[in-house]
$ cat coords_1.txt   # compact mmCIF, C-alpha atoms
# COMPACT_ATOMS: atom_id res chain seq x y z
CA MET A 1 0.00 0.00 0.00
CA ILE A 2 1.44 3.38 -1.06
CA LYS A 3 0.61 6.76 0.44
CA HIS A 4 1.51 10.09 -1.13
CA HIS A 5 1.62 13.18 1.06
CA GLN A 6 2.04 16.70 -0.31
CA GLY A 7 3.64 19.48 1.70
CA LYS A 8 6.80 20.05 3.74
CA GLN A 9 7.76 17.50 6.34
CA THR A 10 8.37 18.25 9.97
CA THR A 11 11.79 16.64 10.37
CA SER A 12 14.81 18.88 9.95
CA SER A 13 16.42 16.66 7.34
CA ASP A 14 13.30 16.71 5.17
CA SER A 15 12.13 20.26 5.82
CA ALA A 16 13.04 21.41 2.31
CA LYS A 17 11.24 18.56 0.56
CA THR A 18 7.81 19.01 -0.99
CA GLY A 19 6.62 15.40 -0.97
CA LEU A 20 6.88 12.12 0.89
CA VAL A 21 6.15 8.60 -0.29
CA GLN A 22 5.67 5.91 2.36
CA PHE A 23 4.99 2.21 1.92
CA ARG A 24 4.17 -0.63 4.25
CA ALA A 25 5.97 -3.96 4.00
CA ASP A 26 5.25 -7.26 5.72
CA GLU A 27 7.93 -9.01 7.79
CA THR A 28 9.15 -11.21 4.93
CA LEU A 29 9.63 -8.28 2.56
CA MET A 30 11.40 -6.22 5.23
CA ALA A 31 13.74 -9.11 6.03
CA ASP A 32 14.61 -9.51 2.33
CA LEU A 33 15.14 -5.76 1.91
CA SER A 34 17.35 -5.62 4.99
CA GLN A 35 19.42 -8.55 3.80
CA VAL A 36 20.07 -7.00 0.37
CA ALA A 37 20.67 -3.55 1.87
CA GLU A 38 23.22 -4.95 4.29
CA ARG A 39 25.06 -6.75 1.47
CA LEU A 40 25.17 -3.54 -0.61
CA HIS A 41 26.01 -1.37 2.42
CA LEU A 42 22.99 0.84 1.81
CA PRO A 43 20.20 2.04 4.09
CA VAL A 44 16.90 0.26 3.40
CA GLY A 45 15.22 3.54 2.43
CA VAL A 46 17.93 4.36 -0.14
CA LEU A 47 17.70 0.88 -1.64
CA ALA A 48 13.92 1.15 -1.95
CA ARG A 49 14.19 4.56 -3.64
CA LEU A 50 16.76 3.23 -6.11
CA TRP A 51 14.55 0.30 -7.04
CA VAL A 52 11.46 2.49 -7.46
CA SER A 53 13.45 4.97 -9.57
CA GLU A 54 14.86 2.21 -11.76
CA ARG A 55 11.41 0.70 -12.29
CA LEU A 56 9.93 4.11 -13.09
CA GLN A 57 12.62 4.78 -15.70
CA LYS A 58 11.90 1.42 -17.31
CA GLU A 59 8.18 2.23 -17.46
CA LEU A 60 8.82 5.65 -18.97
CA SER A 61 11.29 4.18 -21.43
CA PHE A 62 8.69 1.64 -22.50
CA ASP A 63 6.11 4.39 -23.02
CA ILE A 64 8.49 6.49 -25.10
CA SER A 65 9.59 3.50 -27.17
CA ALA A 66 5.96 2.55 -27.81
CA ILE A 67 5.13 6.13 -28.87
CA GLU A 68 8.14 6.29 -31.20
CA SER A 69 7.19 2.96 -32.77
CA TRP A 70 3.60 4.12 -33.27
CA LEU A 71 4.79 7.40 -34.87
CA GLN A 72 7.06 5.55 -37.29
CA HIS A 73 4.13 3.42 -38.36
CA ARG A 74 1.93 6.49 -38.83
CA TYR A 75 4.56 8.37 -40.87
CA ARG A 76 4.77 5.45 -43.30
CA ALA A 77 0.99 5.53 -43.69
CA ILE A 78 1.01 9.34 -44.05
CA ASP A 79 3.57 9.18 -46.88
CA LYS A 80 1.21 6.93 -48.82
CA PHE A 81 -1.97 8.95 -48.42
CA ILE A 82 -0.21 12.29 -49.02
CA ALA A 83 0.97 11.04 -52.39
CA ARG A 84 -2.46 9.65 -53.22
CA ASP A 85 -4.98 12.06 -51.71
CA PHE A 86 -3.39 15.44 -50.92
CA CYS A 87 -3.00 18.62 -52.90
CA PRO A 88 0.65 19.39 -53.75
CA GLY A 89 2.60 21.67 -51.44
CA PRO A 90 4.33 21.78 -48.06
CA ILE A 91 2.78 19.54 -45.43
CA GLN A 92 2.44 19.98 -41.65
CA ILE A 93 1.90 16.95 -39.39
CA ILE A 94 0.81 17.17 -35.74
CA HIS A 95 0.44 14.28 -33.31
CA LEU A 96 -0.82 14.37 -29.73
CA VAL A 97 -0.09 10.97 -28.22
CA PRO A 98 -1.16 10.03 -24.67
CA PHE A 99 1.24 8.07 -22.47
CA GLN A 100 -1.88 6.54 -20.91
CA ARG A 101 -2.34 2.95 -22.08
CA SER A 102 -5.33 0.78 -23.00
CA LEU A 103 -7.58 3.69 -23.98
CA ASP A 104 -10.77 2.86 -25.86
CA ILE A 105 -12.56 6.00 -27.04
CA GLU A 106 -16.02 5.60 -28.54
CA PRO A 107 -16.12 7.55 -31.84
CA ASP A 108 -19.59 8.90 -31.05
CA ARG A 109 -18.15 10.70 -28.01
CA VAL A 110 -15.64 12.44 -30.28
CA SER A 111 -18.43 13.66 -32.59
CA HIS A 112 -19.59 16.01 -29.80
CA PHE A 113 -16.35 17.98 -30.23
CA ILE A 114 -16.43 18.30 -34.00
CA ARG A 115 -16.05 22.09 -33.90
CA MET A 116 -12.72 21.65 -32.14
CA LEU A 117 -11.31 19.37 -34.85
CA PRO A 118 -11.06 21.53 -37.99
CA PRO A 119 -8.72 19.95 -40.58
CA VAL A 120 -7.80 23.44 -41.83
CA GLU A 121 -7.99 26.66 -39.80
CA ARG A 122 -10.27 29.61 -40.62
CA VAL A 123 -12.86 27.44 -42.38
CA ASP A 124 -16.04 26.06 -40.83
CA GLU A 125 -17.27 23.81 -43.63
CA PHE A 126 -15.76 20.33 -43.64
CA GLU A 127 -16.76 16.69 -43.76
CA ALA A 128 -16.82 14.57 -40.61
CA ARG A 129 -17.56 10.90 -40.02
CA ILE A 130 -16.97 7.86 -37.87
CA ASN A 131 -14.48 5.51 -39.52
CA PHE A 132 -12.74 2.22 -38.75
CA GLU A 133 -9.94 3.86 -36.75
CA GLY A 134 -12.16 6.28 -34.81
CA TYR A 135 -13.38 9.68 -35.98
CA GLN A 136 -12.15 11.79 -38.90
CA THR A 137 -12.65 15.29 -40.29
CA VAL A 138 -11.61 16.16 -43.86
CA LYS A 139 -11.44 19.40 -45.85
CA GLN A 140 -11.60 19.43 -49.64
CA PHE A 141 -12.23 22.78 -51.33
CA LYS A 142 -14.80 22.68 -54.13
CA SER A 143 -12.27 24.04 -56.61
CA LYS A 144 -9.85 21.17 -55.98
CA ASP A 145 -9.96 17.45 -56.69
CA LYS A 146 -7.77 16.52 -53.70
CA ILE A 147 -7.92 17.30 -50.00
CA ASP A 148 -6.13 20.03 -48.03
CA GLY A 149 -6.34 18.60 -44.55
CA THR A 150 -7.55 15.83 -42.30
CA VAL A 151 -7.74 15.14 -38.58
CA GLN A 152 -7.99 11.58 -37.25
CA VAL A 153 -8.91 10.84 -33.64
CA PHE A 154 -7.97 7.23 -32.94
CA ARG A 155 -9.93 4.95 -30.65
CA THR A 156 -6.72 4.56 -28.63
CA GLY A 157 -6.65 8.31 -27.86
CA GLN A 158 -4.11 9.73 -30.31
CA ILE A 159 -4.91 12.75 -32.50
CA GLU A 160 -3.26 13.10 -35.90
CA SER A 161 -3.50 16.21 -38.06
CA VAL A 162 -2.13 16.42 -41.62
CA ARG A 163 -2.62 19.57 -43.66
CA VAL A 164 -1.23 21.52 -46.60
CA LEU A 165 0.40 24.80 -45.53
CA LYS A 166 -0.84 28.02 -47.08
CA SER A 167 1.64 29.14 -49.81
CA ASP A 168 1.66 31.04 -53.11
CA ASP A 169 2.94 30.38 -56.62
CA LYS A 170 6.34 31.86 -55.69
CA ASP A 171 6.91 29.14 -53.06
CA ILE A 172 6.26 31.54 -50.20
CA ILE A 173 4.78 30.11 -46.97
CA PHE A 174 2.91 32.68 -44.89
CA ALA A 175 4.65 32.37 -41.54
CA ASP A 176 2.01 34.33 -39.60
CA TYR A 177 -0.62 31.78 -40.54
CA LEU A 178 1.72 28.83 -40.05
CA ASP A 179 2.46 29.95 -36.48
CA ASP A 180 -1.08 30.94 -35.56
CA ASP A 181 -2.63 27.82 -37.07
CA LEU A 182 -0.21 25.52 -35.24
CA ILE A 183 -0.93 27.25 -31.92
CA ARG A 184 -4.67 27.08 -32.59
CA ALA A 185 -4.53 23.41 -33.58
CA VAL A 186 -2.52 22.29 -30.54
CA TRP A 187 -4.86 24.23 -28.27
CA SER A 188 -8.09 22.86 -29.77
CA TYR A 189 -6.89 19.24 -29.99
CA ALA A 190 -5.69 19.38 -26.38
CA CYS A 191 -9.13 20.68 -25.34
CA VAL A 192 -10.70 17.64 -27.01
CA LEU A 193 -8.40 15.19 -25.22
CA GLU A 194 -9.07 16.88 -21.89
CA ALA A 195 -12.84 16.78 -22.52
CA LEU A 196 -12.51 13.05 -23.30
CA LYS A 197 -11.02 12.62 -19.79
CA ILE A 198 -7.59 11.58 -21.10
CA LYS A 199 -4.86 12.36 -18.59
CA PRO A 200 -1.41 13.84 -19.23
CA PRO A 201 1.42 13.32 -19.93
CA ILE A 202 0.90 13.76 -23.67
CA ALA A 203 3.63 13.66 -26.31
CA LEU A 204 3.30 16.57 -28.76
CA CYS A 205 5.11 15.73 -32.01
CA VAL A 206 5.27 18.09 -35.00
CA GLY A 207 6.85 17.43 -38.39
CA PHE A 208 6.89 18.90 -41.89
CA LYS A 209 7.32 17.45 -45.38
CA ASN A 210 7.97 18.87 -48.87
CA MET A 211 9.52 22.02 -47.36
CA GLN A 212 12.81 22.38 -49.24
CA GLY A 213 13.07 25.51 -51.40
CA TYR A 214 10.12 27.28 -49.80
CA ARG A 215 10.61 30.62 -48.03
CA LEU A 216 8.80 32.24 -45.11
CA LYS A 217 7.15 35.64 -45.33
CA SER A 218 5.59 37.63 -42.50
CA ARG A 219 4.05 41.01 -41.90
CA ARG A 220 6.67 41.32 -39.14
CA PHE A 221 9.68 41.39 -41.49
CA GLU A 222 10.08 43.08 -44.87
CA ALA A 223 11.55 40.54 -47.27
CA PRO A 224 11.03 36.79 -47.52
CA SER A 225 13.47 34.56 -45.66
CA ALA A 226 16.16 32.39 -47.15
CA ASP A 227 15.14 29.07 -48.69
CA ILE A 228 14.30 26.30 -46.24
CA ASN A 229 17.29 23.99 -46.49
CA VAL A 230 15.72 20.63 -45.67
CA ASN A 231 12.82 18.74 -47.20
CA GLU A 232 11.61 17.09 -43.99
CA LEU A 233 11.62 18.55 -40.49
CA GLN A 234 11.00 16.19 -37.59
CA ILE A 235 11.19 18.31 -34.48
CA GLU A 236 11.95 16.84 -31.06
CA ALA A 237 8.78 15.97 -29.18
CA ILE A 238 7.48 18.07 -26.29
CA THR A 239 5.93 16.39 -23.27
CA ILE A 240 2.76 18.09 -22.03
CA LYS A 241 2.75 17.30 -18.31
CA ASP A 242 -0.37 19.22 -17.36
CA TRP A 243 -3.36 20.48 -19.36
CA SER A 244 -2.76 24.00 -18.05
CA GLU A 245 0.20 24.16 -20.46
CA VAL A 246 -2.04 24.11 -23.54
CA ILE A 247 -5.74 24.71 -22.83
CA THR A 248 -5.56 28.46 -23.30
CA ILE A 249 -4.31 30.09 -26.49
CA GLU A 250 -1.62 32.02 -24.61
CA ASN A 251 -0.24 28.93 -22.84
CA ALA A 252 -0.34 26.88 -26.04
CA ALA A 253 1.70 29.64 -27.72
CA ARG A 254 4.33 29.42 -24.97
CA THR A 255 4.44 25.63 -25.20
CA VAL A 256 5.03 25.43 -28.97
CA LYS A 257 7.53 28.31 -29.20
CA LYS A 258 10.52 25.96 -29.51
CA ILE A 259 8.84 24.16 -32.40
CA LEU A 260 8.12 27.38 -34.28
CA ASP A 261 11.66 28.62 -33.61
CA ARG A 262 13.06 25.48 -35.24
CA VAL A 263 10.91 26.03 -38.34
CA ALA A 264 12.14 29.63 -38.54
CA ASN A 265 15.74 28.47 -38.08
CA SER A 266 15.42 26.18 -41.11
CA ALA A 267 14.71 29.31 -43.19
CA GLY A 268 17.67 31.27 -41.78
CA LEU A 269 15.71 33.24 -39.19
CA PRO A 270 16.90 33.56 -35.58
CA ARG A 271 13.46 32.74 -34.14
CA SER A 272 9.77 32.72 -34.96
CA MET A 273 8.73 36.32 -35.53
CA SER A 274 5.43 35.63 -33.78
CA TYR A 275 7.40 36.22 -30.56
CA SER A 276 9.38 39.17 -29.27
CA ALA A 277 13.13 38.98 -28.67
CA SER A 278 12.35 38.23 -25.03
CA GLY A 279 10.11 35.30 -26.00
CA GLN A 280 6.73 36.98 -25.49
CA TRP A 281 3.98 35.85 -27.87
CA LEU A 282 2.83 38.83 -29.96
CA GLY A 283 -0.69 37.51 -30.54
CA PRO A 284 -2.51 36.27 -33.64
CA PRO A 285 -2.31 38.04 -37.01
CA ASP A 286 -5.01 40.69 -37.37
CA SER A 287 -7.13 38.75 -39.83
CA SER A 288 -7.48 35.73 -37.53
CA ALA A 289 -7.95 37.58 -34.23
CA PRO A 290 -11.77 37.36 -34.17
CA TYR A 291 -11.60 33.63 -34.92
CA VAL A 292 -9.15 32.95 -32.10
CA GLN A 293 -11.16 35.08 -29.68
CA ARG A 294 -14.36 33.24 -30.59
CA ALA A 295 -12.64 29.90 -30.13
CA ARG A 296 -11.16 30.90 -26.81
CA MET A 297 -14.56 31.95 -25.48
CA THR A 298 -15.96 28.55 -26.39
CA ALA A 299 -13.06 26.79 -24.68
CA ARG A 300 -13.67 28.70 -21.46
CA THR A 301 -17.37 27.75 -21.68
CA ASP A 302 -18.46 31.42 -21.81
CA VAL A 303 -20.42 30.46 -24.92
CA LEU A 304 -21.83 27.09 -25.95
CA GLU A 305 -23.04 26.51 -29.49
CA LEU A 306 -25.97 24.16 -30.04
CA LEU A 307 -25.88 23.58 -33.78
CA GLY A 308 -28.53 21.74 -35.73
CA THR A 309 -27.93 22.60 -39.38
CA ASN A 310 -25.54 19.71 -40.07
CA THR A 311 -28.13 17.03 -40.73
CA SER A 312 -25.51 14.34 -41.36
CA VAL A 313 -24.65 13.95 -37.65
CA GLN A 314 -26.71 12.65 -34.75
CA ARG A 315 -28.94 15.35 -33.24
CA ASN A 316 -31.39 15.55 -30.34
CA ASP A 317 -34.62 17.48 -29.91
CA LEU A 318 -34.11 20.92 -28.33
CA ILE A 319 -37.25 21.32 -26.20
CA MET A 320 -38.61 24.63 -24.90
CA GLN A 321 -40.88 24.54 -21.85
CA ASP A 322 -43.71 27.07 -21.87
CA GLY A 323 -45.72 26.50 -18.72
CA ALA A 324 -47.28 23.07 -19.03
CA ASP A 325 -46.59 22.98 -22.78
CA LYS A 326 -43.47 21.71 -24.47
CA PHE A 327 -42.30 22.66 -27.95
CA ILE A 328 -39.53 21.28 -30.12
CA VAL A 329 -37.59 24.32 -31.34
CA GLY A 330 -35.16 22.32 -33.46
CA LYS A 331 -32.73 19.43 -33.50
CA VAL A 332 -29.17 20.06 -32.28
CA ARG A 333 -25.99 18.25 -31.32
CA LEU A 334 -25.46 17.80 -27.59
CA PRO A 335 -23.21 20.39 -25.86
CA SER A 336 -19.52 19.61 -26.31
CA LEU A 337 -18.21 21.32 -23.17
CA GLU A 338 -19.38 21.83 -19.60
CA PRO A 339 -21.10 25.19 -19.04
CA THR A 340 -20.59 27.56 -16.14
CA ALA A 341 -23.25 29.54 -14.31
CA GLY A 342 -22.58 32.46 -16.69
CA THR A 343 -22.63 30.51 -19.95
CA LYS A 344 -24.47 32.00 -22.91
CA PHE A 345 -26.10 29.57 -25.37
CA ARG A 346 -26.12 30.21 -29.09
CA CYS A 347 -28.60 27.95 -30.90
CA LEU A 348 -28.76 27.51 -34.67
CA VAL A 349 -31.72 25.44 -35.88
CA ASN A 350 -33.71 24.64 -39.00
CA VAL A 351 -37.11 26.32 -38.89
CA ASP A 352 -38.80 23.43 -40.71
CA GLU A 353 -37.88 21.09 -37.83
CA MET A 354 -39.81 23.11 -35.22
CA SER A 355 -43.03 21.68 -33.85
CA GLN A 356 -46.30 23.53 -34.53
CA GLY A 357 -46.51 26.79 -32.58
CA ALA A 358 -42.89 26.67 -31.39
CA GLU A 359 -41.69 29.55 -33.53
CA GLU A 360 -44.50 31.85 -32.38
CA ARG A 361 -43.98 31.02 -28.69
CA LEU A 362 -40.21 31.48 -28.97
CA ASN A 363 -40.62 34.94 -30.49
CA GLN A 364 -43.23 35.85 -27.88
CA ARG A 365 -40.94 34.93 -24.99
CA HIS A 366 -38.18 36.92 -26.66
CA ARG A 367 -40.34 40.05 -26.91
CA LEU A 368 -41.42 39.76 -23.26
CA SER A 369 -37.90 38.82 -22.00
CA MET A 370 -39.44 35.89 -20.13
CA PRO A 371 -37.19 33.33 -18.40
CA THR A 372 -37.35 30.15 -20.46
CA THR A 373 -36.14 26.62 -19.79
CA PHE A 374 -34.68 24.45 -22.54
CA THR A 375 -33.80 20.75 -22.49
CA VAL A 376 -31.66 18.70 -24.87
CA GLY A 377 -30.98 15.09 -23.92
CA ASP A 378 -30.26 15.02 -20.17
CA PHE A 379 -29.07 18.62 -20.26
CA THR A 380 -31.26 21.56 -19.06
CA PHE A 381 -30.57 25.32 -19.00
CA THR A 382 -32.66 28.40 -18.24
CA GLY A 383 -32.27 31.99 -19.44
CA THR A 384 -33.80 34.86 -21.37
CA ILE A 385 -33.77 34.99 -25.16
CA SER A 386 -31.74 38.07 -26.05
CA ARG A 387 -31.65 37.84 -29.83
CA ILE A 388 -33.36 36.07 -32.71
CA THR A 389 -32.17 36.30 -36.31
CA TYR A 390 -33.32 34.51 -39.44
CA ALA A 391 -31.35 33.53 -42.49
CA PRO A 392 -32.92 33.34 -45.95
CA ARG A 393 -33.33 30.20 -47.97
CA GLY A 394 -29.83 28.98 -48.80
CA GLY A 395 -28.36 29.26 -45.33
CA PRO A 396 -27.28 31.87 -42.82
CA THR A 397 -24.57 34.42 -43.43
CA GLU A 398 -22.53 32.95 -40.56
CA LYS A 399 -20.71 29.85 -41.76
CA THR A 400 -21.68 26.54 -40.25
CA LEU A 401 -21.10 22.91 -41.12
CA ARG A 402 -22.95 21.70 -44.23
CA ILE A 403 -25.81 24.16 -44.18
CA SER A 404 -29.35 22.92 -44.78
CA PRO A 405 -31.09 24.61 -47.73
CA GLU A 406 -34.09 25.39 -45.52
CA GLN A 407 -34.60 28.60 -43.59
CA THR A 408 -32.62 28.74 -40.35
CA MET A 409 -33.01 30.61 -37.09
CA MET A 410 -30.30 31.63 -34.65
CA PHE A 411 -31.28 32.62 -31.12
CA VAL A 412 -29.20 33.44 -28.04
CA VAL A 413 -30.15 32.45 -24.48
CA GLU A 414 -28.56 34.67 -21.84
CA PRO A 415 -28.03 33.37 -18.27
CA ILE A 416 -30.32 34.84 -15.65
$ encode --input "coords_1.txt" --output "structure tokens"
Amino acid sequence: MIKHHQGKQTTSSDSAKTGLVQFRADETLMADLSQVAERLHLPVGVLARLWVSERLQKELSFDISAIESWLQHRYRAIDKFIARDFCPGPIQIIHLVPFQRSLDIEPDRVSHFIRMLPPVERVDEFEARINFEGYQTVKQFKSKDKIDGTVQVFRTGQIESVRVLKSDDKDIIFADYLDDDLIRAVWSYACVLEALKIKPPIALCVGFKNMQGYRLKSRRFEAPSADINVNELQIEAITIKDWSEVITIENAARTVKKILDRVANSAGLPRSMSYSASGQWLGPPDSSAPYVQRARMTARTDVLELLGTNTSVQRNDLIMQDGADKFIVGKVRLPSLEPTAGTKFRCLVNVDEMSQGAEERLNQRHRLSMPTTFTVGDFTFTGTISRITYAPRGGPTEKTLRISPEQTMMFVVEPI
């Protein structure tokens, strides 16, 4: 039996220590320990610590070896599907790999976090489906016959992202977007793993392919960089020891700085220009700032989106209670994150899926600012309806996933 105590100890010799591990041993074990300790001329406590340390190192070594073996297997698979399925251009590869073993993630659970798994940043329209290996999102632009990005969440807990980097016909990669998109991706994927109750440590591995000859360009320096001098970059993995290191945009930026510096170094730059000389993150590029801010609000559960316009995924009835009456005001996906007492709910539904009288009652309660209770699945929330907007036939002006051609309504429920 092992006990772990946090805090300083009372003995003078241990007063500077921050933790203490104690274990109980029966008489036989103590006799064996004492015999070996005497032969090695070591105190029993020192011998026990050495053995625990040695065993721990073996366990960690096994985990790292298993992760490295898994990554090698995935890179061989990635080489094949890049050549077959991807648009030409420089490629970025991100892996988040849990050290935790024997995970078995149900793909349907992952579908609740679809908005946090974009295969390409700054787009909201993409395909998503359960597949043999778990859950996958894919982005293929209508003007192209091959894909630009994919994210695979494996049943065993790993997340893999492969995407084409934004570049122009002069072989210029836009460094501002490269940096911001990598920070955004690591943050959002980490939020998914945390929401799935997967525990750190997590290995964060980032690599690049087809990079040789490309140059970096940024609004933060005048001329493009030198040519990138290697075709493949496999950057040393970072171990995420606690979710606090990555579940805010700012902390994710600090965590991946070394990775972005190495990319900049390959193009002859002293560091990533998304950071000051003292290492301070300078924030997202202007054009992506609203997107990052919106995403960060969702991550902190200040806003939850209940979306119902993607009819290809499983949805539940969103029920409004009006006295003794109940009305279906649409079909939506279940909430992906836990709300707080101050959470605002943004609901996007298809009008044609409302039950009879629901639209009229919803507008009435909005006009009168009446407290209203809504239920979806086992989840209930109460608030006042602060805003209702309609979108014409063809879909709303705000982008959502695979818009229904029917008229849609967006309404916001403010906490009381």
$ residues_around --input "coords_1.txt" --residues "A:Ser386" --least-positions-apart "2" --cutoff "8 Å" --atoms "only C-alpha atoms" --output "mmCIF file with C-alpha atoms, in the coordinates of the input"
data_model
loop_
_atom_site.group_PDB
_atom_site.id
_atom_site.type_symbol
_atom_site.label_atom_id
_atom_site.label_comp_id
_atom_site.auth_asym_id
_atom_site.auth_seq_id
_atom_site.Cartn_x
_atom_site.Cartn_y
_atom_site.Cartn_z
ATOM 1 C CA HIS A 366 -38.180 36.920 -26.660
ATOM 2 C CA SER A 369 -37.900 38.820 -22.000
ATOM 3 C CA THR A 384 -33.800 34.860 -21.370
ATOM 4 C CA ILE A 388 -33.360 36.070 -32.710
ATOM 5 C CA PHE A 411 -31.280 32.620 -31.120
ATOM 6 C CA VAL A 412 -29.200 33.440 -28.040
ATOM 7 C CA VAL A 413 -30.150 32.450 -24.480
ATOM 8 C CA GLU A 414 -28.560 34.670 -21.840
#
$ residues_near_point --input "coords_1.txt" --point "(-7.7, 22.8, -38.4)" --cutoff "10 Å" --atoms "only C-alpha atoms" --output "list in words"
Arg115, Met116, Leu117, Pro118, Pro119, Val120, Glu121, Arg122, Val123, Asp124, Phe126, Thr137, Val138, Lys139, Gly149, Thr150, Val151, Ser161, Val162, Arg163, Asp181, Leu182, Arg184, Ala185, Val186, Ser188 and Tyr189 of chain A
$ residues_around --input "coords_1.txt" --residues "A:Ile173" --least-positions-apart "4" --cutoff "9 Å" --atoms "only C-alpha atoms" --output "list in words"
Pro90, Leu165, Lys166, Ser167, Asp168, Tyr177, Leu178, Tyr214, Arg215, Leu216, Lys217 and Ser218 of chain A
$ closest_residue --input "coords_1.txt" --among "A:Arg367, A:Tyr275, A:Gln407, A:Gly377" --to "A:Met354" --atoms "only C-alpha atoms"
A:Gln407
$ closest_residue --input "coords_1.txt" --among "A:Val44, A:Ala237, A:Val52, A:Ala25" --to "A:Ile67" --atoms "only C-alpha atoms"
A:Ala237
$ atom_distance --input "coords_1.txt" --atom1 "atom CA of A:Asp179" --atom2 "atom CA of A:Pro98"
23.4 Å
$ atom_distance --input "coords_1.txt" --atom1 "atom CA of A:His73" --atom2 "atom CA of A:Ile105"
20.3 Å
$ atom_distance --input "coords_1.txt" --atom1 "atom CA of A:Glu360" --atom2 "atom CA of A:Lys331"
17.1 Å
$ closest_residue --input "coords_1.txt" --among "A:Leu33, A:Ala324, A:Ile416, A:Leu318" --to "A:Thr343" --atoms "only C-alpha atoms"
A:Ile416
$ closest_residue --input "coords_1.txt" --among "A:Met410, A:Ile198, A:Ile385, A:Ala277" --to "A:Val332" --atoms "only C-alpha atoms"
A:Met410
